[in-house]
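Colleague: The following file, run.pdb, comprises PDB, C-alpha atoms:
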ATOM      1  CA  MET A 934       0.000   0.000   0.000
ATOM      2  CA  LYS A 935       1.441   3.327  -1.062
ATOM      3  CA  LEU A 936       0.800   6.181   1.380
ATOM      4  CA  LYS A 937      -0.099   9.581   0.002
ATOM      5  CA  PRO A 938       2.302  12.432   0.902
ATOM      6  CA  SER A 939      -0.538  14.336   2.576
ATOM      7  CA  PHE A 940      -1.219  11.360   4.856
ATOM      8  CA  LEU A 941       2.474  11.122   5.784
ATOM      9  CA  VAL A 942       2.539  14.813   6.655
ATOM     10  CA  PHE A 943      -0.579  14.355   8.764
ATOM     11  CA  CYS A 944       1.053  11.459  10.632
ATOM     12  CA  MET A 945       4.235  13.431  11.277
ATOM     13  CA  LEU A 946       2.284  16.412  12.571
ATOM     14  CA  SER A 947       0.166  14.142  14.742
ATOM     15  CA  VAL A 948       3.286  12.657  16.330
ATOM     16  CA  PHE A 949       4.713  16.124  16.977
ATOM     17  CA  PHE A 950       1.568  17.557  18.522
ATOM     18  CA  ASN A 951       1.136  14.471  20.700
ATOM     19  CA  LEU A 952       4.681  14.895  22.027
ATOM     20  CA  ASN A 953       4.173  18.624  22.458
ATOM     21  CA  ALA A 954       0.927  17.951  24.320
ATOM     22  CA  GLN A 955       2.853  15.771  26.785
ATOM     23  CA  PHE A 956       5.787  18.088  27.451
ATOM     24  CA  VAL A 957       5.882  18.016  31.259
ATOM     25  CA  LYS A 958       4.743  14.408  31.296
ATOM     26  CA  THR A 959       7.696  13.611  29.030
ATOM     27  CA  HIS A 960      10.348  15.653  30.842
ATOM     28  CA  GLY A 961       8.972  15.690  34.373
ATOM     29  CA  GLN A 962      10.948  16.987  37.335
ATOM     30  CA  LEU A 963      13.615  19.450  36.275
ATOM     31  CA  SER A 964      16.945  19.862  38.034
ATOM     32  CA  VAL A 965      20.328  21.487  37.537
ATOM     33  CA  GLN A 966      23.428  19.470  36.688
ATOM     34  CA  GLY A 967      26.483  21.676  36.604
ATOM     35  CA  THR A 968      25.311  24.633  34.546
ATOM     36  CA  GLN A 969      22.677  22.738  32.546
ATOM     37  CA  LEU A 970      18.942  22.460  33.105
ATOM     38  CA  VAL A 971      18.052  18.767  32.758
ATOM     39  CA  ASP A 972      14.877  16.686  32.827
ATOM     40  CA  LYS A 973      13.866  13.670  34.900
ATOM     41  CA  ASN A 974      16.132  11.446  32.782
ATOM     42  CA  ASN A 975      19.093  13.816  33.245
ATOM     43  CA  ASN A 976      18.930  14.858  29.600
ATOM     44  CA  PRO A 977      19.472  18.546  28.745
ATOM     45  CA  VAL A 978      16.217  20.420  28.283
ATOM     46  CA  VAL A 979      15.633  23.908  26.890
ATOM     47  CA  LEU A 980      12.534  25.873  27.853
ATOM     48  CA  ARG A 981      11.348  28.503  25.395
ATOM     49  CA  GLY A 982       8.274  30.648  25.776
ATOM     50  CA  LEU A 983       6.643  33.968  26.500
ATOM     51  CA  SER A 984       6.166  36.141  29.548
ATOM     52  CA  PHE A 985       2.827  37.755  30.219
ATOM     53  CA  GLY A 986       3.088  41.497  30.834
ATOM     54  CA  TRP A 987       2.584  42.911  34.321
ATOM     55  CA  HIS A 988      -0.612  41.331  35.666
ATOM     56  CA  SER A 989      -1.409  44.639  37.350
ATOM     57  CA  MET A 990      -1.685  46.448  34.017
ATOM     58  CA  TRP A 991      -2.775  43.732  31.556
ATOM     59  CA  PRO A 992      -4.862  41.376  33.697
ATOM     60  CA  ARG A 993      -7.211  40.518  30.841
ATOM     61  CA  PHE A 994      -4.685  38.104  29.340
ATOM     62  CA  TYR A 995      -4.230  36.168  32.590
ATOM     63  CA  ASN A 996      -6.510  33.232  31.875
ATOM     64  CA  GLU A 997      -6.271  29.537  31.039
ATOM     65  CA  LYS A 998      -7.402  29.923  27.434
ATOM     66  CA  ALA A 999      -4.628  32.411  26.660
ATOM     67  CA  VAL A1000      -2.089  29.944  28.087
ATOM     68  CA  SER A1001      -3.573  27.157  25.973
ATOM     69  CA  TRP A1002      -3.307  29.319  22.853
ATOM     70  CA  LEU A1003       0.324  30.196  23.569
ATOM     71  CA  LYS A1004       1.077  26.511  23.696
ATOM     72  CA  LYS A1005      -0.997  25.574  20.652
ATOM     73  CA  ASP A1006      -0.207  28.443  18.285
ATOM     74  CA  PHE A1007       3.183  29.701  19.533
ATOM     75  CA  SER A1008       4.518  26.276  20.591
ATOM     76  CA  CYS A1009       5.472  27.593  24.033
ATOM     77  CA  ASN A1010       6.704  24.920  26.431
ATOM     78  CA  VAL A1011       6.844  27.456  29.267
ATOM     79  CA  VAL A1012       5.036  30.686  30.185
ATOM     80  CA  ARG A1013       5.920  33.315  32.772
ATOM     81  CA  ALA A1014       3.326  34.933  35.020
ATOM     82  CA  ALA A1015       4.684  38.376  35.907
ATOM     83  CA  MET A1016       2.989  39.514  39.116
ATOM     84  CA  GLY A1017       3.414  43.284  39.416
ATOM     85  CA  ILE A1018       4.238  44.130  43.009
ATOM     86  CA  GLU A1019       4.087  47.936  43.158
ATOM     87  CA  LEU A1020       2.994  49.296  39.779
ATOM     88  CA  GLY A1021      -0.524  49.467  38.427
ATOM     89  CA  GLU A1022      -4.037  49.775  39.771
ATOM     90  CA  PHE A1023      -4.203  46.064  40.597
ATOM     91  CA  SER A1024      -0.693  45.594  42.009
ATOM     92  CA  TYR A1025       0.005  42.961  44.638
ATOM     93  CA  GLN A1026       0.532  45.617  47.287
ATOM     94  CA  LYS A1027      -2.861  47.177  46.519
ATOM     95  CA  ASP A1028      -4.884  44.007  45.923
ATOM     96  CA  PRO A1029      -3.077  40.783  46.846
ATOM     97  CA  GLN A1030      -6.142  38.574  46.450
ATOM     98  CA  PHE A1031      -6.854  39.737  42.900
ATOM     99  CA  SER A1032      -3.163  39.363  42.101
ATOM    100  CA  LYS A1033      -2.994  35.789  43.318
ATOM    101  CA  GLU A1034      -6.156  34.888  41.414
ATOM    102  CA  LYS A1035      -4.631  36.149  38.168
ATOM    103  CA  ILE A1036      -1.295  34.415  38.722
ATOM    104  CA  GLU A1037      -3.014  31.175  39.667
ATOM    105  CA  ALA A1038      -5.155  31.302  36.512
ATOM    106  CA  VAL A1039      -1.932  31.147  34.490
ATOM    107  CA  ILE A1040      -0.457  28.467  36.752
ATOM    108  CA  GLU A1041      -3.566  26.310  36.442
ATOM    109  CA  GLY A1042      -3.612  26.897  32.690
ATOM    110  CA  ALA A1043      -0.015  25.749  32.383
ATOM    111  CA  ILE A1044      -0.667  22.638  34.453
ATOM    112  CA  LYS A1045      -3.688  21.778  32.288
ATOM    113  CA  SER A1046      -1.696  22.437  29.108
ATOM    114  CA  ASP A1047       1.187  20.319  30.462
ATOM    115  CA  ILE A1048       3.836  23.020  30.108
ATOM    116  CA  TYR A1049       6.108  24.680  32.644
ATOM    117  CA  VAL A1050       5.272  27.980  34.340
ATOM    118  CA  ILE A1051       7.399  30.612  36.045
ATOM    119  CA  ILE A1052       5.872  32.362  39.057
ATOM    120  CA  ASP A1053       7.599  35.734  38.728
ATOM    121  CA  TRP A1054       7.804  38.221  41.621
ATOM    122  CA  HIS A1055       7.923  41.168  39.223
ATOM    123  CA  SER A1056       9.590  43.942  41.162
ATOM    124  CA  HIS A1057      12.761  46.036  41.096
ATOM    125  CA  ASN A1058      12.860  46.404  44.878
ATOM    126  CA  VAL A1059      13.336  44.330  48.016
ATOM    127  CA  ASN A1060       9.981  43.423  49.578
ATOM    128  CA  LEU A1061      11.178  40.643  51.855
ATOM    129  CA  LYS A1062       8.206  40.201  54.171
ATOM    130  CA  GLU A1063       5.647  40.121  51.373
ATOM    131  CA  ALA A1064       7.770  37.871  49.157
ATOM    132  CA  LYS A1065       8.352  35.335  51.918
ATOM    133  CA  ALA A1066       4.627  35.094  52.643
ATOM    134  CA  PHE A1067       3.697  34.826  48.961
ATOM    135  CA  PHE A1068       6.222  32.149  48.050
ATOM    136  CA  ALA A1069       5.463  30.186  51.201
ATOM    137  CA  GLU A1070       1.826  30.085  50.096
ATOM    138  CA  MET A1071       2.567  29.256  46.455
ATOM    139  CA  SER A1072       5.113  26.555  47.263
ATOM    140  CA  LYS A1073       2.787  24.919  49.758
ATOM    141  CA  LYS A1074      -0.027  24.861  47.205
ATOM    142  CA  TYR A1075       1.900  23.791  44.109
ATOM    143  CA  SER A1076       4.934  21.830  45.327
ATOM    144  CA  LYS A1077       3.559  18.551  43.980
ATOM    145  CA  TYR A1078       3.615  19.834  40.406
ATOM    146  CA  PRO A1079       6.888  19.549  38.438
ATOM    147  CA  ASN A1080       5.557  22.333  36.178
ATOM    148  CA  ILE A1081       6.485  25.029  38.698
ATOM    149  CA  ILE A1082       9.488  27.380  38.565
ATOM    150  CA  TYR A1083       9.874  30.200  41.098
ATOM    151  CA  GLU A1084      11.449  33.542  40.129
ATOM    152  CA  VAL A1085      12.017  35.298  43.421
ATOM    153  CA  PHE A1086      13.255  38.708  42.217
ATOM    154  CA  ASN A1087      12.604  39.906  38.678
ATOM    155  CA  GLU A1088      15.132  42.699  38.123
ATOM    156  CA  PRO A1089      17.040  44.237  41.014
ATOM    157  CA  ASP A1090      18.038  47.718  39.923
ATOM    158  CA  TYR A1091      20.304  49.509  42.412
ATOM    159  CA  GLU A1092      20.606  46.810  45.083
ATOM    160  CA  THR A1093      24.023  45.283  45.683
ATOM    161  CA  TRP A1094      24.564  41.579  45.104
ATOM    162  CA  TRP A1095      24.931  41.138  48.865
ATOM    163  CA  GLU A1096      21.443  42.616  49.335
ATOM    164  CA  VAL A1097      19.956  40.492  46.556
ATOM    165  CA  LYS A1098      21.656  37.329  47.769
ATOM    166  CA  SER A1099      20.569  37.881  51.376
ATOM    167  CA  TYR A1100      16.998  38.503  50.276
ATOM    168  CA  ALA A1101      16.991  35.482  47.954
ATOM    169  CA  GLU A1102      18.317  33.140  50.635
ATOM    170  CA  GLU A1103      15.475  34.144  52.955
ATOM    171  CA  VAL A1104      12.835  33.569  50.268
ATOM    172  CA  ILE A1105      14.428  30.310  49.117
ATOM    173  CA  LYS A1106      14.284  29.050  52.692
ATOM    174  CA  GLU A1107      10.503  29.555  52.676
ATOM    175  CA  ILE A1108      10.106  27.751  49.347
ATOM    176  CA  ARG A1109      12.329  24.834  50.257
ATOM    177  CA  ALA A1110      10.373  24.231  53.468
ATOM    178  CA  ASN A1111       7.508  23.132  51.198
ATOM    179  CA  ASP A1112       9.103  22.338  47.856
ATOM    180  CA  PRO A1113      12.535  20.679  47.951
ATOM    181  CA  ASN A1114      12.924  20.136  44.214
ATOM    182  CA  ASN A1115      11.474  22.684  41.778
ATOM    183  CA  ILE A1116      13.795  25.168  40.093
ATOM    184  CA  ILE A1117      14.297  28.605  41.690
ATOM    185  CA  LEU A1118      15.488  31.611  39.644
ATOM    186  CA  VAL A1119      17.439  34.448  41.258
ATOM    187  CA  GLY A1120      18.000  37.859  39.660
ATOM    188  CA  CYS A1121      21.163  39.933  39.774
ATOM    189  CA  PRO A1122      21.919  43.675  40.050
ATOM    190  CA  HIS A1123      21.548  46.255  37.297
ATOM    191  CA  TRP A1124      18.366  44.822  35.785
ATOM    192  CA  ASP A1125      19.847  41.320  35.529
ATOM    193  CA  GLN A1126      22.945  42.517  33.675
ATOM    194  CA  ASP A1127      25.648  41.964  36.301
ATOM    195  CA  ILE A1128      25.674  38.184  36.046
ATOM    196  CA  ASP A1129      29.367  38.197  36.981
ATOM    197  CA  LEU A1130      28.492  39.106  40.584
ATOM    198  CA  PRO A1131      26.640  35.884  41.516
ATOM    199  CA  ALA A1132      29.253  33.992  39.504
ATOM    200  CA  SER A1133      31.900  35.119  41.974
ATOM    201  CA  ASP A1134      29.670  34.630  45.033
ATOM    202  CA  PRO A1135      26.848  32.127  44.354
ATOM    203  CA  ILE A1136      24.258  30.791  46.781
ATOM    204  CA  VAL A1137      25.713  27.551  48.136
ATOM    205  CA  ASP A1138      23.248  26.130  50.660
ATOM    206  CA  TYR A1139      20.519  25.087  48.202
ATOM    207  CA  ASN A1140      20.250  22.959  45.066
ATOM    208  CA  ASN A1141      18.441  23.602  41.771
ATOM    209  CA  ILE A1142      19.132  27.338  41.786
ATOM    210  CA  MET A1143      19.656  29.230  38.522
ATOM    211  CA  TYR A1144      20.496  32.878  37.922
ATOM    212  CA  THR A1145      18.708  35.120  35.469
ATOM    213  CA  MET A1146      20.177  37.311  32.762
ATOM    214  CA  HIS A1147      17.955  39.675  30.761
ATOM    215  CA  PHE A1148      18.746  41.243  27.396
ATOM    216  CA  TYR A1149      17.154  43.554  24.868
ATOM    217  CA  ALA A1150      19.092  42.955  21.699
ATOM    218  CA  ALA A1151      19.034  46.490  20.253
ATOM    219  CA  THR A1152      20.692  47.787  23.450
ATOM    220  CA  HIS A1153      22.747  44.912  24.858
ATOM    221  CA  GLY A1154      25.475  43.579  22.617
ATOM    222  CA  LYS A1155      28.341  41.120  22.634
ATOM    223  CA  GLU A1156      29.753  42.419  25.910
ATOM    224  CA  LEU A1157      26.778  41.021  27.832
ATOM    225  CA  ARG A1158      27.049  37.691  26.038
ATOM    226  CA  ASP A1159      30.758  37.542  26.854
ATOM    227  CA  ARG A1160      30.045  38.342  30.511
ATOM    228  CA  THR A1161      27.430  35.596  30.589
ATOM    229  CA  ASP A1162      29.782  33.122  28.897
ATOM    230  CA  ALA A1163      32.383  33.834  31.576
ATOM    231  CA  ALA A1164      29.801  33.278  34.326
ATOM    232  CA  ILE A1165      28.749  29.953  32.809
ATOM    233  CA  LYS A1166      32.392  28.923  32.389
ATOM    234  CA  SER A1167      32.903  29.586  36.104
ATOM    235  CA  GLY A1168      30.071  27.154  36.859
ATOM    236  CA  LEU A1169      26.999  29.429  37.147
ATOM    237  CA  PRO A1170      23.685  28.006  35.821
ATOM    238  CA  VAL A1171      22.014  30.758  33.759
ATOM    239  CA  PHE A1172      18.379  31.123  32.656
ATOM    240  CA  ILE A1173      17.266  33.949  30.304
ATOM    241  CA  SER A1174      13.930  34.747  31.944
ATOM    242  CA  GLU A1175      13.271  37.943  29.949
ATOM    243  CA  SER A1176      14.482  39.072  26.540
ATOM    244  CA  ALA A1177      13.446  40.659  23.270
ATOM    245  CA  GLY A1178      14.750  42.227  20.085
ATOM    246  CA  MET A1179      14.256  45.948  20.622
ATOM    247  CA  GLU A1180      15.773  48.566  22.965
ATOM    248  CA  ALA A1181      15.890  48.086  26.733
ATOM    249  CA  SER A1182      13.048  50.609  27.052
ATOM    250  CA  GLY A1183      10.847  48.025  25.352
ATOM    251  CA  ASP A1184      10.345  50.417  22.470
ATOM    252  CA  GLY A1185      12.161  51.569  19.360
ATOM    253  CA  PRO A1186      12.686  49.578  16.186
ATOM    254  CA  LEU A1187      13.160  45.833  16.229
ATOM    255  CA  ASN A1188      16.783  44.884  15.537
ATOM    256  CA  SER A1189      16.244  41.518  13.892
ATOM    257  CA  LYS A1190      19.938  40.901  13.200
ATOM    258  CA  ALA A1191      20.977  41.514  16.811
ATOM    259  CA  TRP A1192      18.072  39.385  18.077
ATOM    260  CA  GLU A1193      19.032  36.538  15.754
ATOM    261  CA  GLU A1194      22.594  36.675  17.106
ATOM    262  CA  TYR A1195      21.247  36.264  20.644
ATOM    263  CA  ILE A1196      18.927  33.415  19.632
ATOM    264  CA  GLU A1197      21.793  31.531  17.973
ATOM    265  CA  TRP A1198      24.016  32.179  21.002
ATOM    266  CA  MET A1199      21.384  30.820  23.427
ATOM    267  CA  GLU A1200      20.641  27.795  21.278
ATOM    268  CA  ALA A1201      24.331  26.914  20.980
ATOM    269  CA  ARG A1202      24.581  26.889  24.791
ATOM    270  CA  LYS A1203      21.242  25.184  25.469
ATOM    271  CA  LEU A1204      20.069  28.210  27.480
ATOM    272  CA  SER A1205      16.366  28.474  28.247
ATOM    273  CA  TRP A1206      14.789  31.748  27.162
ATOM    274  CA  ILE A1207      11.611  33.766  27.665
ATOM    275  CA  THR A1208      10.474  36.673  25.483
ATOM    276  CA  TRP A1209       8.651  39.768  26.780
ATOM    277  CA  SER A1210       5.641  40.185  26.570
ATOM    278  CA  VAL A1211       1.993  39.155  26.166
ATOM    279  CA  SER A1212       0.363  42.578  26.416
ATOM    280  CA  ASP A1213      -1.170  45.219  24.157
ATOM    281  CA  LYS A1214       0.649  48.378  25.227
ATOM    282  CA  ASP A1215       1.595  50.806  22.477
ATOM    283  CA  GLU A1216       5.248  49.728  22.407
ATOM    284  CA  THR A1217       7.422  47.431  20.341
ATOM    285  CA  CYS A1218       7.875  44.669  22.924
ATOM    286  CA  SER A1219       4.150  44.150  23.551
ATOM    287  CA  ILE A1220       3.391  41.433  21.010
ATOM    288  CA  LEU A1221      -0.350  42.144  20.696
ATOM    289  CA  LYS A1222      -2.437  44.901  19.194
ATOM    290  CA  LYS A1223      -5.535  46.287  20.905
ATOM    291  CA  SER A1224      -7.666  44.100  18.638
ATOM    292  CA  ALA A1225      -6.374  40.928  20.311
ATOM    293  CA  LYS A1226      -8.954  38.991  22.304
ATOM    294  CA  SER A1227      -8.257  38.271  25.950
ATOM    295  CA  ASP A1228      -8.397  34.490  25.605
ATOM    296  CA  GLY A1229      -6.120  33.850  22.623
ATOM    297  CA  LYS A1230      -7.234  32.783  19.125
ATOM    298  CA  TRP A1231      -5.191  35.717  17.816
ATOM    299  CA  LYS A1232      -4.991  36.187  14.077
ATOM    300  CA  ASP A1233      -1.879  37.454  12.312
ATOM    301  CA  GLU A1234      -3.417  40.910  12.119
ATOM    302  CA  ASP A1235      -3.649  40.938  15.943
ATOM    303  CA  LEU A1236       0.128  40.467  16.259
ATOM    304  CA  LYS A1237       2.789  43.147  16.084
ATOM    305  CA  GLU A1238       6.087  42.542  14.302
ATOM    306  CA  SER A1239       7.672  41.272  17.516
ATOM    307  CA  GLY A1240       4.809  38.814  17.972
ATOM    308  CA  ILE A1241       5.168  37.426  14.469
ATOM    309  CA  LYS A1242       8.923  37.071  14.922
ATOM    310  CA  VAL A1243       8.903  35.402  18.328
ATOM    311  CA  ARG A1244       6.227  32.956  17.157
ATOM    312  CA  GLU A1245       8.504  32.079  14.262
ATOM    313  CA  TYR A1246      11.418  31.417  16.651
ATOM    314  CA  LEU A1247       9.318  29.377  19.061
ATOM    315  CA  ARG A1248       7.788  27.243  16.334
ATOM    316  CA  LYS A1249      11.216  26.614  14.842
ATOM    317  CA  TYR A1250      13.140  25.677  17.968
ATOM    318  CA  ASN A1251      10.418  24.030  20.051
ATOM    319  CA  ARG A1252       9.595  21.665  17.195
ATOM    320  CA  GLN A1253      13.120  20.364  16.720
TER     321      GLN A1253
END
Translate this structure into structure tokens?

Modeller:
Amino acid sequence: MKLKPSFLVFCMLSVFFNLNAQFVKTHGQLSVQGTQLVDKNNNPVVLRGLSFGWHSMWPRFYNEKAVSWLKKDFSCNVVRAAMGIELGEFSYQKDPQFSKEKIEAVIEGAIKSDIYVIIDWHSHNVNLKEAKAFFAEMSKKYSKYPNIIYEVFNEPDYETWWEVKSYAEEVIKEIRANDPNNIILVGCPHWDQDIDLPASDPIVDYNNIMYTMHFYAATHGKELRDRTDAAIKSGLPVFISESAGMEASGDGPLNSKAWEEYIEWMEARKLSWITWSVSDKDETCSILKKSAKSDGKWKDEDLKESGIKVREYLRKYNRQ
């Protein structure tokens, strides 16, 4: 019996989507070996996906259907729920219950879609008391799920590494009391640029810790990549929890060449990466236009240039 080419294509796509639908089931509990993120079988794994914008300013996208669409249409194997701590009408400090409901909608959506999810404490400042209480609650509730990744400090700005490290160790202690295994991400000073600082003085009392570097390709060039390479060479596990192809302001023209250089650099090193952001602000880095529905099902005309491009990258690399 000779199979028609269209049937063969259908079979190949069916196999891919079945595997993609079982991503966490396939890879399971993540851990860190040396500098590499690995799965339950100790094989290297690369997470690639999108970060939602600040929940406190774009809460309408924080729902299970939007998560499902990001998996189905963008091929995300991870999403990041960015809980705004101070900024916005619905910030965590102003309305913690609303904030947790929005973050948990994304968490539950990721669990149902069988992808990983980053619980991101999206702040530039030290809020130790509030962070300890929040992560104690989240880790107690979700510790049984291998989907969960905790990001305890989004982008320290003017704090020293000693201040960030001391803060992180206190928050990590709360998480590890409930969740001994899931990955924890720690930021570094200067908006996650000074990755050399934790490289010279890492957290040593806990396992499965990674350190975040953020880049915006039109602003941050080879010097940041070289600094990150040196940190990795020294033994620091690095996770790119926020990135994009325009200027660090989130605006300005997309620099596709510089972004491509970063993508190729990350892929060569098996670094996990997240792109910013699922929101509809009038800026280059917000991937959606105002026409985009809250629950996904976005058409090409609902996507900005950055949205089209990141979808292209995610489809390419998450289907290999």

Colleague: Could I get the residues of segment 1182-1208 of chain A with an atom no further than 12 Å from an atom of segment 953-969 of chain A, each paired with its nearest atom pair and that distance in Å to one decimal, using all atoms listed in the file, sorted by chain and residue number, as a Markdown table?

Modeller:
| residue | atom | partner | partner_atom | distance |
| --- | --- | --- | --- | --- |
| A:Arg1202 | CA | A:Gln969 | CA | 9.0 |
| A:Lys1203 | CA | A:Gln969 | CA | 7.6 |
| A:Leu1204 | CA | A:Gln969 | CA | 7.9 |
| A:Ser1205 | CA | A:Gln969 | CA | 9.6 |

Colleague: Take the PyMOL selection byres ((chain A and resi 1068-1073) around 6), run it mentally on this structure, and tell me the resulting residues as number ranges by chain.

Modeller: A: 1065-1067, 1074-1076, 1107-1108, 1111-1112

Colleague: Pick from A:Pro1079, A:Gly1183, A:Gly1178, A:Gly1229: nearest to Glu997 of chain A, with all atoms listed in the file counted?

Modeller: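 Of the candidates, the smallest distance to Glu997 of chain A is held by A:Gly1229.
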
Colleague: Please build the interface table for segment 1122-1145 of chain A against segment 1154-1168 of chain A with a cut-off of 8 Å, listing for each qualifying residue the nearest atom pair and the distance in Å to one decimal; count only C-alpha atoms, order rows by chain and increasing number, and write it as CSV.

Modeller:
residue,atom,partner,partner_atom,distance
A:Gln1126,CA,A:Leu1157,CA,7.1
A:Ile1128,CA,A:Thr1161,CA,6.3
A:Asp1129,CA,A:Ala1164,CA,5.6
A:Ala1132,CA,A:Ala1164,CA,5.3

Colleague: When the PyMOL selection byres ((chain A and resi 1226) around 12) is applied to the file above, which residues end up in the set, as a list of chain:residue names?

Modeller: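 Matching residues under the PyMOL selection byres ((chain A and resi 1226) around 12) are A:Arg993, A:Phe994, A:Tyr995, A:Asn996, A:Lys998, A:Ala999, A:Trp1002, A:Val1211, A:Ser1212, A:Asp1213, A:Leu1221, A:Lys1222, A:Lys1223, A:Ser1224, A:Ala1225, A:Ser1227, A:Asp1228, A:Gly1229, A:Lys1230, A:Trp1231, A:Lys1232, A:Glu1234, A:Asp1235, A:Leu1236.
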